[in-house]
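Data block below; observations after.
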Amino acid sequence: MKQYCLACDLKDDDRLIQAYDEYHQKVWPEIKGSLELSGIRVMEIYRTGNRLFMIIRVTEDFSFEKKAAMDLASPIVQKWEALMSQFQQQITWAPDNVKWMLMERVFLFEAADK
């Protein structure tokens, strides 16, 4: 299974950060279904301050382009994304209209007896 790591920032407002966390305690079932249909098998989001870190594990046929096309075709995903946009902001070096930035691995350690 392939893995990707992404980062995004939240607006630096404690009330908004709390609301974002609360929404992610009860993600809509349609959103979870859309993730699965796109080939995402595991998604984890971590937060420190207002910085988000996402890990996704995907099937071999997953692509970001396919996921984006599916998202655009889904009114419920568009509604969720519009809602999340209230909380999220671009990382300063992100291209226009990109919230989640793909991260580059700079170090890997694997124990010999893994």
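Ligands are numbered from 1 in the order shown, residues from 1 within each chain, and chains are lettered A, B, ... in the order they appear in the structure tokens.
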
(Q) Set the distance at 10 Å and use only C-alpha atoms: which residues neighbour Trp28 of chain A once local chain neighbours fewer than 4 positions away are removed? I'd like the list as a PyMOL selection string. (A) chain A and resi 23-24+32-33+76-77+80

Q: Compile the contact shell of Arg51 of chain A as a list in words: residues with an atom at most 9 Å away, counting only C-alpha atoms, same-chain residues fewer than 5 positions apart removed.
A: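 Counting only the stated atoms, we get Ala7, Cys8, Asp9, Leu10, Tyr46 and Ile91 of chain A.
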
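Distances here use only C-alpha atoms; by that measure, the residue among A:Ser34, A:Thr59, A:Gln25, A:Gln3 closest to Leu72 of chain A is A:Ser34.
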
Q: Find the residue from A:Asp113, A:Ala73, A:Ala68, A:Ile55 that sits nearest to Val98 of chain A; use only C-alpha atoms when measuring.
A: A:Ala68

(Q) Ranking A:Asn50, A:Ile56, A:Asp61, A:Glu36 by minimum distance to Asp14 of chain A and counting only C-alpha atoms, which one comes first? (A)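 Looking at the shortest contact to Asp14 of chain A, the residue is A:Asn50.
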
**Q.** From A:Ser63, A:Gln88, A:Arg41, A:Ser74, residue lying nearest Asp21 of chain A [only C-alpha atoms]
**A.** A:Gln88

Q: List the neighbours of Asp12 of chain A out to 9 Å using only C-alpha atoms; skip same-chain residues closer than 4 positions along the sequence, and give me the result as a VMD selection string.
A: chain A and resid 16 to 17 49 to 50 87

Q | Minimum-distance residue to Met101 of chain A, chosen among A:Gln86, A:Leu6, A:Glu81, A:Asp13 (using only C-alpha atoms) | A | A:Leu6

Q: Taking the chain letters and numbering used in this document, name the residues of segment 16-68 of chain A that DSSP puts in alpha helix (DSSP H), as a ChimeraX atom specification.
A: /A:16-23,29-38,64-68

(Q) Would you compute the distance between atom CA of Lys11 of chain A and atom CA of Leu52 of chain A? Give it in Å to one decimal. (A) 10.8 Å

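Each of A:Ile45, A:Ala94, A:Ala69, A:Ala82 was checked against Tyr4 of chain A using only C-alpha atoms; the smallest atom-to-atom distance is that of A:Ile45.
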
Q. Where in segment 16-104 of chain A does DSSP assign strand (DSSP E or B), given as a PyMOL selection string?
A. chain A and resi 40-48+51-58+88-89+101-102
